[in-house]
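Trainee: input_21.cif (mmCIF, C-alpha atoms and all ligand atoms) pasted underneath:
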```
data_upload
#
loop_
_atom_site.label_atom_id
_atom_site.label_comp_id
_atom_site.auth_asym_id
_atom_site.auth_seq_id
_atom_site.Cartn_x
_atom_site.Cartn_y
_atom_site.Cartn_z
CA MET A 7 102.27 109.60 83.07
CA SER A 8 99.30 109.28 85.39
CA GLY A 9 97.63 112.47 86.52
CA PRO A 10 95.84 113.43 89.73
CA LEU A 11 92.60 111.67 90.64
CA PRO A 12 89.44 113.78 90.31
CA VAL A 13 88.35 114.47 93.91
CA CYS A 14 90.51 116.63 96.18
CA TYR A 15 90.25 118.07 99.68
CA LEU A 16 90.49 121.81 100.25
CA ASN A 17 89.87 123.55 103.57
CA GLY A 18 87.32 121.09 104.93
CA ASN A 19 85.57 120.24 101.67
CA PHE A 20 85.83 117.40 99.17
CA LEU A 21 85.38 118.73 95.65
CA PRO A 22 86.40 118.19 92.04
CA LEU A 23 90.07 119.08 91.65
CA THR A 24 89.17 121.15 88.60
CA GLU A 25 87.03 123.40 90.83
CA ALA A 26 89.58 123.90 93.61
CA ARG A 27 90.56 127.57 94.03
CA ILE A 28 92.93 129.39 96.37
CA SER A 29 93.87 133.06 96.69
CA PRO A 30 96.90 134.41 94.80
CA PHE A 31 97.81 135.90 98.17
CA ASP A 32 98.22 132.47 99.68
CA ARG A 33 101.64 132.56 101.29
CA ALA A 34 102.63 129.19 99.82
CA PHE A 35 102.13 130.72 96.35
CA LEU A 36 104.03 133.94 97.14
CA PHE A 37 106.74 132.66 99.49
CA GLY A 38 106.64 128.87 99.58
CA ASP A 39 105.42 129.42 103.15
CA GLY A 40 104.04 125.96 103.80
CA VAL A 41 104.88 122.33 104.45
CA TYR A 42 103.74 119.08 102.92
CA GLU A 43 103.76 115.29 103.00
CA VAL A 44 103.63 112.58 100.36
CA ILE A 45 102.12 109.32 101.60
CA PRO A 46 102.01 106.12 99.58
CA VAL A 47 98.70 104.27 99.39
CA TYR A 48 98.90 100.49 98.93
CA GLY A 49 95.75 98.40 98.61
CA SER A 50 93.60 101.49 99.39
CA ARG A 51 95.43 101.99 102.71
CA PRO A 52 97.80 104.85 103.56
CA PHE A 53 101.25 103.45 104.42
CA ARG A 54 102.94 104.58 107.66
CA LEU A 55 100.30 107.27 108.11
CA ARG A 56 101.18 107.98 111.74
CA GLN A 57 104.85 108.52 110.88
CA HIS A 58 103.97 110.88 108.03
CA LEU A 59 101.57 112.86 110.21
CA ASP A 60 104.14 113.05 113.00
CA ARG A 61 106.61 114.45 110.49
CA LEU A 62 104.00 116.90 109.19
CA ASN A 63 103.52 118.25 112.71
CA ARG A 64 107.28 118.38 113.18
CA SER A 65 107.60 120.44 109.96
CA LEU A 66 104.75 122.71 111.11
CA GLY A 67 106.55 123.27 114.40
CA GLY A 68 109.69 124.10 112.40
CA ILE A 69 107.87 126.96 110.66
CA ARG A 70 106.08 128.03 113.84
CA MET A 71 102.62 126.82 112.91
CA THR A 72 100.16 124.93 115.08
CA PRO A 73 98.88 121.65 113.62
CA PRO A 74 95.49 122.51 112.11
CA LEU A 75 94.13 118.94 112.32
CA ALA A 76 94.53 116.02 114.69
CA HIS A 77 95.89 112.75 113.30
CA GLY A 78 92.41 111.20 113.42
CA ASP A 79 90.98 114.04 111.31
CA TRP A 80 93.75 113.67 108.74
CA ALA A 81 93.14 109.91 108.69
CA HIS A 82 89.49 110.63 107.88
CA VAL A 83 90.52 113.01 105.06
CA CYS A 84 92.84 110.34 103.63
CA GLN A 85 90.24 107.59 103.82
CA GLU A 86 87.56 109.79 102.22
CA LEU A 87 89.90 110.77 99.39
CA ILE A 88 90.84 107.15 98.81
CA SER A 89 87.25 105.94 98.74
CA ARG A 90 85.81 108.86 96.75
CA ASN A 91 88.54 108.34 94.12
CA HIS A 92 88.37 104.50 94.25
CA ALA A 93 92.13 104.61 94.71
CA ASP A 94 94.08 101.40 95.14
CA GLU A 95 97.80 102.00 94.49
CA ALA A 96 98.36 105.74 94.69
CA TYR A 97 100.15 108.46 96.55
CA LEU A 98 98.56 111.15 98.60
CA TYR A 99 99.87 114.71 98.68
CA MET A 100 98.89 116.92 101.62
CA GLN A 101 99.92 120.51 102.11
CA VAL A 102 99.41 123.07 104.85
CA SER A 103 100.25 126.67 104.07
CA ARG A 104 100.22 129.59 106.48
CA GLY A 105 97.21 130.93 104.61
CA ALA A 106 96.31 134.06 102.67
CA GLU A 107 96.38 137.69 103.75
CA PHE A 108 95.49 140.72 101.65
CA GLY A 109 98.99 141.85 100.82
CA ARG A 110 102.47 140.46 100.75
CA ASN A 111 104.37 140.83 104.00
CA HIS A 112 107.49 138.91 104.88
CA LEU A 113 106.43 139.13 108.52
CA TRP A 114 103.23 137.14 108.75
CA PRO A 115 100.32 138.45 110.80
CA GLU A 116 99.31 136.11 113.62
CA GLY A 117 96.03 134.27 113.40
CA LEU A 118 95.90 133.55 109.67
CA LYS A 119 93.66 130.70 108.62
CA PRO A 120 95.89 127.98 107.19
CA THR A 121 95.14 126.57 103.74
CA LEU A 122 94.76 122.78 103.76
CA PHE A 123 94.97 120.89 100.50
CA ALA A 124 95.21 117.20 99.66
CA TYR A 125 94.83 115.09 96.56
CA LEU A 126 95.75 111.68 95.20
CA THR A 127 97.70 110.53 92.19
CA GLU A 128 97.57 107.00 90.84
CA LEU A 129 100.84 105.16 91.28
CA GLU A 130 101.94 103.60 88.02
CA PRO A 131 103.82 100.31 88.32
CA LEU A 132 107.56 100.81 88.36
CA PRO A 133 108.95 100.12 84.86
CA SER A 134 110.54 96.68 85.23
CA ALA A 135 113.79 97.96 83.65
CA LEU A 136 114.29 100.27 86.65
CA ALA A 137 113.81 97.52 89.23
CA ASP A 138 115.85 94.99 87.23
CA ASN A 139 118.77 97.22 86.22
CA GLY A 140 118.71 99.99 88.79
CA VAL A 141 119.00 103.69 88.06
CA ALA A 142 121.80 106.15 87.38
CA ALA A 143 122.63 109.04 89.71
CA VAL A 144 124.96 112.00 89.52
CA THR A 145 126.55 113.97 92.34
CA ALA A 146 126.44 117.74 92.91
CA PRO A 147 127.30 120.20 95.67
CA GLU A 148 124.50 121.08 98.12
CA ILE A 149 122.76 124.27 97.10
CA ARG A 150 119.77 124.12 99.47
CA TRP A 151 118.98 125.97 102.69
CA ALA A 152 120.15 124.98 106.15
CA ARG A 153 116.86 123.47 107.48
CA ARG A 154 116.38 120.54 105.13
CA ASP A 155 114.75 118.59 107.95
CA ILE A 156 111.61 120.72 107.41
CA LYS A 157 109.55 119.33 104.54
CA SER A 158 108.95 122.77 103.10
CA THR A 159 107.10 123.56 99.88
CA SER A 160 110.06 125.86 99.00
CA LEU A 161 111.68 123.26 96.78
CA LEU A 162 113.58 125.35 94.24
CA GLY A 163 116.97 123.89 95.21
CA ASN A 164 115.62 120.35 94.97
CA LEU A 165 114.03 121.08 91.59
CA LEU A 166 117.25 122.48 90.13
CA LEU A 167 119.11 119.45 91.41
CA LYS A 168 116.55 117.06 89.90
CA LYS A 169 116.95 118.88 86.59
CA LEU A 170 120.73 118.33 86.75
CA ALA A 171 120.06 114.61 86.96
CA ALA A 172 117.64 114.71 84.05
CA ASP A 173 120.13 116.70 81.95
CA ALA A 174 122.67 113.92 82.55
CA GLY A 175 120.13 111.21 81.68
CA ALA A 176 120.10 110.12 85.32
CA PHE A 177 117.28 109.49 87.80
CA GLU A 178 118.60 111.35 90.83
CA THR A 179 121.18 113.86 92.02
CA ILE A 180 122.99 112.91 95.22
CA MET A 181 124.37 115.86 97.15
CA LEU A 182 127.73 116.34 98.82
CA GLU A 183 128.54 118.97 101.41
CA ASN A 184 131.89 119.49 103.16
CA GLY A 185 133.09 116.20 101.68
CA GLU A 186 130.11 114.21 103.01
CA LEU A 187 126.92 112.76 101.59
CA THR A 188 123.69 114.48 102.54
CA GLU A 189 120.80 112.99 100.51
CA GLY A 190 119.21 112.85 97.08
CA SER A 191 117.07 115.69 95.71
CA SER A 192 113.96 113.72 96.73
CA THR A 193 115.40 110.61 98.34
CA THR A 194 117.32 109.28 101.34
CA VAL A 195 120.58 107.61 100.30
CA HIS A 196 121.80 104.33 101.80
CA VAL A 197 125.31 103.04 101.11
CA VAL A 198 126.15 99.34 101.47
CA LYS A 199 129.74 98.30 102.16
CA ASN A 200 130.86 94.84 103.28
CA SER A 201 127.25 93.85 104.01
CA VAL A 202 126.62 96.84 106.32
CA ILE A 203 124.04 99.52 105.47
CA HIS A 204 125.21 103.08 106.16
CA THR A 205 122.99 106.19 106.23
CA PRO A 206 123.82 109.75 107.31
CA PRO A 207 122.36 110.61 110.72
CA ASN A 208 119.18 112.66 110.86
CA SER A 209 119.97 116.33 111.46
CA HIS A 210 119.07 119.74 110.06
CA HIS A 211 121.00 118.74 106.92
CA ILE A 212 118.55 116.11 105.65
CA LEU A 213 114.88 115.20 105.71
CA PRO A 214 114.10 112.49 108.27
CA GLY A 215 112.88 109.99 105.69
CA THR A 216 109.96 107.75 106.55
CA THR A 217 111.14 105.08 104.10
CA ARG A 218 114.57 105.23 105.71
CA ASP A 219 112.98 104.18 109.00
CA VAL A 220 111.28 101.24 107.28
CA VAL A 221 114.64 100.20 105.82
CA THR A 222 116.23 100.39 109.28
CA GLU A 223 113.45 98.33 110.89
CA LEU A 224 113.57 95.71 108.14
CA ALA A 225 117.37 95.55 108.28
CA ASP A 226 117.07 94.74 111.99
CA LEU A 227 114.53 92.01 111.23
CA LEU A 228 116.82 90.60 108.55
CA SER A 229 119.82 90.84 110.90
CA ILE A 230 121.65 93.12 108.48
CA ARG A 231 123.87 95.56 110.34
CA ASN A 232 122.95 99.19 109.77
CA VAL A 233 124.86 102.21 110.91
CA SER A 234 123.77 105.84 111.06
CA ALA A 235 126.94 107.96 110.75
CA PRO A 236 128.44 110.59 108.43
CA ILE A 237 129.42 109.16 105.03
CA PRO A 238 132.50 110.64 103.35
CA GLU A 239 132.44 111.10 99.59
CA SER A 240 135.15 108.43 99.27
CA ALA A 241 132.83 105.87 100.95
CA LEU A 242 130.00 106.79 98.61
CA ARG A 243 132.25 106.23 95.61
CA ALA A 244 133.60 102.94 97.00
CA ALA A 245 130.13 101.53 97.82
CA ASP A 246 129.21 97.94 97.01
CA GLU A 247 125.61 99.08 96.65
CA ILE A 248 123.78 102.41 96.78
CA TRP A 249 120.04 102.60 97.45
CA LEU A 250 117.57 105.44 97.17
CA ALA A 251 114.66 105.33 99.64
CA PHE A 252 111.53 107.40 99.11
CA SER A 253 107.83 107.10 99.72
CA THR A 254 106.56 106.77 96.19
CA ARG A 255 108.88 103.88 95.25
CA GLY A 256 110.21 102.32 98.43
CA VAL A 257 113.81 101.34 97.72
CA LEU A 258 115.59 101.58 94.37
CA PRO A 259 119.16 100.52 93.55
CA VAL A 260 121.62 102.99 92.03
CA THR A 261 123.85 101.05 89.66
CA LYS A 262 125.77 103.94 88.11
CA LEU A 263 127.17 107.01 89.88
CA ASP A 264 128.59 109.82 87.76
CA GLY A 265 128.85 107.35 84.87
CA VAL A 266 130.82 104.78 86.91
CA PRO A 267 129.27 101.38 87.79
CA VAL A 268 128.38 100.97 91.48
CA GLY A 269 129.80 97.64 92.74
CA ALA A 270 129.08 95.03 90.09
CA GLY A 271 126.95 97.54 88.14
CA LYS A 272 123.70 95.70 88.87
CA PRO A 273 121.28 95.52 91.82
CA GLY A 274 123.19 93.89 94.67
CA PRO A 275 122.30 90.94 96.92
CA LEU A 276 121.35 93.06 99.92
CA PHE A 277 119.08 95.19 97.79
CA LYS A 278 117.25 92.08 96.61
CA ARG A 279 116.70 90.93 100.20
CA MET A 280 115.52 94.38 101.27
CA SER A 281 113.21 94.71 98.29
CA ILE A 282 111.48 91.38 99.06
CA ALA A 283 111.20 92.28 102.76
CA PHE A 284 109.69 95.65 101.84
CA THR A 285 107.05 94.06 99.60
CA ASN A 286 106.15 91.54 102.31
CA TYR A 287 105.92 94.29 104.93
CA VAL A 288 103.52 96.30 102.75
CA ARG A 289 101.38 93.16 102.34
CA GLU A 290 101.36 92.43 106.09
CA LEU A 291 100.37 95.99 107.01
CA GLY A 292 97.47 95.80 104.57
CA ARG A 293 95.45 93.89 107.18
CA THR A 294 95.95 96.42 109.97
CA PRO A 295 94.30 99.81 110.74
CA ALA A 296 95.96 102.80 109.03
CA LEU A 297 96.55 104.65 112.32
C1 LIG B 1 114.79 115.75 100.10
C2 LIG B 1 114.16 114.44 100.42
N1 LIG B 1 114.85 113.55 101.14
C3 LIG B 1 114.33 112.34 101.45
C4 LIG B 1 113.06 111.98 101.02
C5 LIG B 1 112.51 110.64 101.38
O1 LIG B 1 111.53 110.76 102.38
P1 LIG B 1 110.34 109.72 102.49
O2 LIG B 1 110.99 108.37 102.57
O3 LIG B 1 109.64 110.08 103.73
O4 LIG B 1 109.53 109.86 101.26
C6 LIG B 1 112.31 112.88 100.27
C7 LIG B 1 110.96 112.53 99.83
O5 LIG B 1 110.31 113.24 99.13
C8 LIG B 1 112.86 114.15 99.97
O6 LIG B 1 112.18 115.05 99.25
#
```
Would you mind writing the file's structure down as structure tokens?
Ligand SMILES: Cc1ncc(COP(=O)(O)O)c(C=O)c1O
Mentor:
Amino acid sequence: MSGPLPVCYLNGNFLPLTEARISPFDRAFLFGDGVYEVIPVYGSRPFRLRQHLDRLNRSLGGIRMTPPLAHGDWAHVCQELISRNHADEAYLYMQVSRGAEFGRNHLWPEGLKPTLFAYLTELEPLPSALADNGVAAVTAPEIRWARRDIKSTSLLGNLLLKKLAADAGAFETIMLENGELTEGSSTTVHVVKNSVIHTPPNSHHILPGTTRDVVTELADLLSIRNVSAPIPESALRAADEIWLAFSTRGVLPVTKLDGVPVGAGKPGPLFKRMSIAFTNYVRELGRTPAL
């Protein structure tokens, strides 16, 4: 497994990751009081940077924080990290926490200095078996909080759900709530039936996925119908294809759900079209400015 690259960004400085220090009173450490983004980097260029930064600011608004940096400043941080680490294919993690105070109060004092942290991890090529054969997923009831649209660092529910998948030898856990699909523990779920792509509507129940939006845009370009509407459990189980969409891997096919083959039990025809379109889109963007 590839580890983080050596140079990170912390509160305005670029420094060796091994020398980065924050206070134990940082509220992200004590309470998970912070938000984050994960941005893929292809060909040394951050992918869909504006959309990620818009979502970061949306998450900050959700926890009543003011954006500490403008998009242009974040773009500079990203570009510096990429060049100082000689990163090519990687993913960038950025986190903003409410900051540290001397003490531990549920009610935060106003005017804290936020803690800003970012680093890069090399993106290893996807094992060809995963792309060729797809991945397995299991289902589980939702156990997370009611504002899943905020990309919060409080991820305990997601972590426990990911562990469920691992325990079952699967890649992802797909959640069900009140008889409907929400999302995966770290992925947006798309369901294909009769050549139409279905995805649950954005709401407080799920994270507004950036990869999901790419899938929607590409589906339009490919003239594949796509519908954003609630997905009952029965529709999930009767899917011709199921896809997981997430920043670090784009789109991945689920070929087994709770031990049962999805459709023909192998990556479906629409997935193959989407996957090619995604790769081409990444290549095309490579020649354009990041913001
Ligand atoms: C809970 C959850 N849903 C969906 C996604 C997919 O979002 P994106 O495509 O922006 O990576 C993620 C990504 O980490 C996630 O954690």
Trainee: Could you tell me how far atom C2 of ligand LIG 1 (chain B) sits from atom CA of A:Arg279, in Å to one decimal place?
Mentor: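 One can read the atom CA of A:Arg279 to atom C2 of ligand LIG 1 (chain B) distance as 23.6 Å.
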Trainee: With only C-alpha atoms and all ligand atoms as the basis for distance, which of A:Phe123, A:Trp80, A:Tyr42, A:Phe177 is at the shortest distance from ligand LIG 1 (chain B)?
Mentor: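 Closest to ligand LIG 1 (chain B) of all the choices is A:Tyr42.
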Trainee: Nearest residue to A:Glu130 out of A:Glu183, A:Val221, A:Ala251, A:Tyr97, using only C-alpha atoms?
Mentor: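 Among the listed residues, the smallest separation from A:Glu130 belongs to A:Tyr97.
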Trainee: With 3 Å of padding per side, what axis-aligned box (centre and edge lengths, Å, one decimal) covers all the listed atoms of stretch 220-238 of chain A? Give it as JSON.
Mentor:
```
{"center_x": 121.9, "center_y": 100.6, "center_z": 107.7, "size_x": 27.2, "size_y": 26.0, "size_z": 14.6}
```
Trainee: I want to know what sits within 12 Å of A:Leu129, based on only C-alpha atoms, with residues of the same chain fewer than 6 positions away left out; could you give that as a PDB file with C-alpha atoms, in the frame of the given file?
Mentor:
```pdb
ATOM      1  CA  MET A   7     102.270 109.600  83.070  1.00  0.00           C
ATOM      2  CA  SER A   8      99.300 109.280  85.390  1.00  0.00           C
ATOM      3  CA  GLY A   9      97.630 112.470  86.520  1.00  0.00           C
ATOM      4  CA  PRO A  10      95.840 113.430  89.730  1.00  0.00           C
ATOM      5  CA  LEU A  11      92.600 111.670  90.640  1.00  0.00           C
ATOM      6  CA  ILE A  45     102.120 109.320 101.600  1.00  0.00           C
ATOM      7  CA  PRO A  46     102.010 106.120  99.580  1.00  0.00           C
ATOM      8  CA  VAL A  47      98.700 104.270  99.390  1.00  0.00           C
ATOM      9  CA  TYR A  48      98.900 100.490  98.930  1.00  0.00           C
ATOM     10  CA  GLY A  49      95.750  98.400  98.610  1.00  0.00           C
ATOM     11  CA  SER A  50      93.600 101.490  99.390  1.00  0.00           C
ATOM     12  CA  ALA A  93      92.130 104.610  94.710  1.00  0.00           C
ATOM     13  CA  ASP A  94      94.080 101.400  95.140  1.00  0.00           C
ATOM     14  CA  GLU A  95      97.800 102.000  94.490  1.00  0.00           C
ATOM     15  CA  ALA A  96      98.360 105.740  94.690  1.00  0.00           C
ATOM     16  CA  TYR A  97     100.150 108.460  96.550  1.00  0.00           C
ATOM     17  CA  LEU A  98      98.560 111.150  98.600  1.00  0.00           C
ATOM     18  CA  SER A 253     107.830 107.100  99.720  1.00  0.00           C
ATOM     19  CA  THR A 254     106.560 106.770  96.190  1.00  0.00           C
ATOM     20  CA  ARG A 255     108.880 103.880  95.250  1.00  0.00           C
TER      21      ARG A 255
END
```
Trainee: Can you tell me which residues come within 8 Å of ligand LIG 1 (chain B) when counting only C-alpha atoms and all ligand atoms, ideally as a PyMOL selection string?
Mentor: chain A and resi 43-45+58+154+157+164+189-195+212-219+251-254+256
Trainee: Take stretch 139-177 of chain A from the block and save it with N, CA and C atoms, as a PDB file, in the first residue's frame.
Mentor:
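Written out: selection.pdb:
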```
ATOM      1  N   ASN A 139     -13.267  -7.740 -13.085  1.00  0.00           N
ATOM      2  CA  ASN A 139     -14.309  -8.611 -12.501  1.00  0.00           C
ATOM      3  C   ASN A 139     -15.307  -7.854 -11.637  1.00  0.00           C
ATOM      4  N   GLY A 140     -15.014  -6.629 -11.303  1.00  0.00           N
ATOM      5  CA  GLY A 140     -15.885  -5.881 -10.406  1.00  0.00           C
ATOM      6  C   GLY A 140     -15.608  -6.259  -8.957  1.00  0.00           C
ATOM      7  N   VAL A 141     -16.376  -5.655  -8.062  1.00  0.00           N
ATOM      8  CA  VAL A 141     -16.160  -5.878  -6.629  1.00  0.00           C
ATOM      9  C   VAL A 141     -17.453  -6.391  -5.993  1.00  0.00           C
ATOM     10  N   ALA A 142     -17.287  -6.931  -4.790  1.00  0.00           N
ATOM     11  CA  ALA A 142     -18.460  -7.394  -4.032  1.00  0.00           C
ATOM     12  C   ALA A 142     -18.871  -6.304  -3.052  1.00  0.00           C
ATOM     13  N   ALA A 143     -20.167  -6.236  -2.776  1.00  0.00           N
ATOM     14  CA  ALA A 143     -20.675  -5.314  -1.753  1.00  0.00           C
ATOM     15  C   ALA A 143     -21.679  -6.054  -0.885  1.00  0.00           C
ATOM     16  N   VAL A 144     -21.840  -5.557   0.317  1.00  0.00           N
ATOM     17  CA  VAL A 144     -22.878  -6.084   1.213  1.00  0.00           C
ATOM     18  C   VAL A 144     -23.810  -4.921   1.564  1.00  0.00           C
ATOM     19  N   THR A 145     -24.985  -5.248   2.069  1.00  0.00           N
ATOM     20  CA  THR A 145     -25.893  -4.181   2.498  1.00  0.00           C
ATOM     21  C   THR A 145     -25.962  -4.167   4.019  1.00  0.00           C
ATOM     22  N   ALA A 146     -26.342  -3.018   4.568  1.00  0.00           N
ATOM     23  CA  ALA A 146     -26.506  -2.874   6.021  1.00  0.00           C
ATOM     24  C   ALA A 146     -27.434  -1.700   6.285  1.00  0.00           C
ATOM     25  N   PRO A 147     -28.092  -1.708   7.447  1.00  0.00           N
ATOM     26  CA  PRO A 147     -28.915  -0.538   7.793  1.00  0.00           C
ATOM     27  C   PRO A 147     -28.041   0.679   8.029  1.00  0.00           C
ATOM     28  N   GLU A 148     -28.594   1.874   7.750  1.00  0.00           N
ATOM     29  CA  GLU A 148     -27.888   3.134   8.033  1.00  0.00           C
ATOM     30  C   GLU A 148     -27.670   3.265   9.544  1.00  0.00           C
ATOM     31  N   ILE A 149     -26.475   3.625   9.920  1.00  0.00           N
ATOM     32  CA  ILE A 149     -26.233   3.867  11.345  1.00  0.00           C
ATOM     33  C   ILE A 149     -25.638   5.254  11.557  1.00  0.00           C
ATOM     34  N   ARG A 150     -25.596   6.084  10.484  1.00  0.00           N
ATOM     35  CA  ARG A 150     -24.885   7.358  10.601  1.00  0.00           C
ATOM     36  C   ARG A 150     -25.824   8.490  11.019  1.00  0.00           C
ATOM     37  N   TRP A 151     -25.271   9.667  11.183  1.00  0.00           N
ATOM     38  CA  TRP A 151     -26.074  10.814  11.637  1.00  0.00           C
ATOM     39  C   TRP A 151     -26.937  11.347  10.499  1.00  0.00           C
ATOM     40  N   ALA A 152     -27.695  12.395  10.808  1.00  0.00           N
ATOM     41  CA  ALA A 152     -28.730  12.854   9.885  1.00  0.00           C
ATOM     42  C   ALA A 152     -28.251  13.936   8.919  1.00  0.00           C
ATOM     43  N   ARG A 153     -26.972  14.356   8.981  1.00  0.00           N
ATOM     44  CA  ARG A 153     -26.454  15.369   8.055  1.00  0.00           C
ATOM     45  C   ARG A 153     -25.277  14.802   7.261  1.00  0.00           C
ATOM     46  N   ARG A 154     -25.591  13.756   6.497  1.00  0.00           N
ATOM     47  CA  ARG A 154     -24.525  13.077   5.747  1.00  0.00           C
ATOM     48  C   ARG A 154     -24.090  13.878   4.538  1.00  0.00           C
ATOM     49  N   ASP A 155     -24.780  14.993   4.275  1.00  0.00           N
ATOM     50  CA  ASP A 155     -24.367  15.861   3.165  1.00  0.00           C
ATOM     51  C   ASP A 155     -23.150  16.703   3.550  1.00  0.00           C
ATOM     52  N   ILE A 156     -22.843  16.772   4.853  1.00  0.00           N
ATOM     53  CA  ILE A 156     -21.648  17.493   5.314  1.00  0.00           C
ATOM     54  C   ILE A 156     -20.490  16.503   5.323  1.00  0.00           C
ATOM     55  N   LYS A 157     -19.402  16.850   4.644  1.00  0.00           N
ATOM     56  CA  LYS A 157     -18.270  15.917   4.592  1.00  0.00           C
ATOM     57  C   LYS A 157     -17.442  16.106   5.862  1.00  0.00           C
ATOM     58  N   SER A 158     -17.958  15.553   6.932  1.00  0.00           N
ATOM     59  CA  SER A 158     -17.393  15.753   8.263  1.00  0.00           C
ATOM     60  C   SER A 158     -16.283  14.746   8.548  1.00  0.00           C
ATOM     61  N   THR A 159     -15.315  15.168   9.362  1.00  0.00           N
ATOM     62  CA  THR A 159     -14.256  14.228   9.749  1.00  0.00           C
ATOM     63  C   THR A 159     -14.764  13.219  10.781  1.00  0.00           C
ATOM     64  N   SER A 160     -15.976  13.416  11.300  1.00  0.00           N
ATOM     65  CA  SER A 160     -16.566  12.425  12.234  1.00  0.00           C
ATOM     66  C   SER A 160     -17.070  11.247  11.409  1.00  0.00           C
ATOM     67  N   LEU A 161     -16.213  10.267  11.218  1.00  0.00           N
ATOM     68  CA  LEU A 161     -16.532   9.204  10.253  1.00  0.00           C
ATOM     69  C   LEU A 161     -16.757   7.840  10.910  1.00  0.00           C
ATOM     70  N   LEU A 162     -17.023   7.824  12.221  1.00  0.00           N
ATOM     71  CA  LEU A 162     -17.068   6.537  12.906  1.00  0.00           C
ATOM     72  C   LEU A 162     -18.089   5.587  12.279  1.00  0.00           C
ATOM     73  N   GLY A 163     -19.273   6.111  11.958  1.00  0.00           N
ATOM     74  CA  GLY A 163     -20.288   5.262  11.318  1.00  0.00           C
ATOM     75  C   GLY A 163     -19.759   4.665  10.021  1.00  0.00           C
ATOM     76  N   ASN A 164     -19.163   5.513   9.191  1.00  0.00           N
ATOM     77  CA  ASN A 164     -18.630   5.039   7.906  1.00  0.00           C
ATOM     78  C   ASN A 164     -17.549   3.979   8.114  1.00  0.00           C
ATOM     79  N   LEU A 165     -16.722   4.186   9.150  1.00  0.00           N
ATOM     80  CA  LEU A 165     -15.626   3.241   9.380  1.00  0.00           C
ATOM     81  C   LEU A 165     -16.174   1.884   9.796  1.00  0.00           C
ATOM     82  N   LEU A 166     -17.175   1.904  10.679  1.00  0.00           N
ATOM     83  CA  LEU A 166     -17.762   0.628  11.137  1.00  0.00           C
ATOM     84  C   LEU A 166     -18.427  -0.086   9.958  1.00  0.00           C
ATOM     85  N   LEU A 167     -19.027   0.688   9.081  1.00  0.00           N
ATOM     86  CA  LEU A 167     -19.684   0.083   7.917  1.00  0.00           C
ATOM     87  C   LEU A 167     -18.650  -0.494   6.946  1.00  0.00           C
ATOM     88  N   LYS A 168     -17.534   0.215   6.784  1.00  0.00           N
ATOM     89  CA  LYS A 168     -16.469  -0.317   5.908  1.00  0.00           C
ATOM     90  C   LYS A 168     -15.917  -1.615   6.482  1.00  0.00           C
ATOM     91  N   LYS A 169     -15.826  -1.678   7.801  1.00  0.00           N
ATOM     92  CA  LYS A 169     -15.298  -2.883   8.446  1.00  0.00           C
ATOM     93  C   LYS A 169     -16.248  -4.072   8.218  1.00  0.00           C
ATOM     94  N   LEU A 170     -17.557  -3.781   8.237  1.00  0.00           N
ATOM     95  CA  LEU A 170     -18.542  -4.843   7.941  1.00  0.00           C
ATOM     96  C   LEU A 170     -18.249  -5.468   6.585  1.00  0.00           C
ATOM     97  N   ALA A 171     -17.978  -4.593   5.604  1.00  0.00           N
ATOM     98  CA  ALA A 171     -17.680  -5.093   4.258  1.00  0.00           C
ATOM     99  C   ALA A 171     -16.428  -5.962   4.293  1.00  0.00           C
ATOM    100  N   ALA A 172     -15.397  -5.459   4.951  1.00  0.00           N
ATOM    101  CA  ALA A 172     -14.139  -6.203   4.996  1.00  0.00           C
ATOM    102  C   ALA A 172     -14.345  -7.558   5.672  1.00  0.00           C
ATOM    103  N   ASP A 173     -15.128  -7.569   6.749  1.00  0.00           N
ATOM    104  CA  ASP A 173     -15.388  -8.832   7.458  1.00  0.00           C
ATOM    105  C   ASP A 173     -16.058  -9.852   6.538  1.00  0.00           C
ATOM    106  N   ALA A 174     -16.846  -9.342   5.579  1.00  0.00           N
ATOM    107  CA  ALA A 174     -17.563 -10.237   4.657  1.00  0.00           C
ATOM    108  C   ALA A 174     -16.745 -10.491   3.387  1.00  0.00           C
ATOM    109  N   GLY A 175     -15.507 -10.016   3.372  1.00  0.00           N
ATOM    110  CA  GLY A 175     -14.657 -10.191   2.185  1.00  0.00           C
ATOM    111  C   GLY A 175     -15.117  -9.322   1.026  1.00  0.00           C
ATOM    112  N   ALA A 176     -15.849  -8.253   1.332  1.00  0.00           N
ATOM    113  CA  ALA A 176     -16.383  -7.384   0.271  1.00  0.00           C
ATOM    114  C   ALA A 176     -15.636  -6.058   0.267  1.00  0.00           C
ATOM    115  N   PHE A 177     -15.877  -5.273  -0.791  1.00  0.00           N
ATOM    116  CA  PHE A 177     -15.187  -3.994  -0.959  1.00  0.00           C
ATOM    117  C   PHE A 177     -15.942  -2.864  -0.277  1.00  0.00           C
TER     118      PHE A 177
END
```
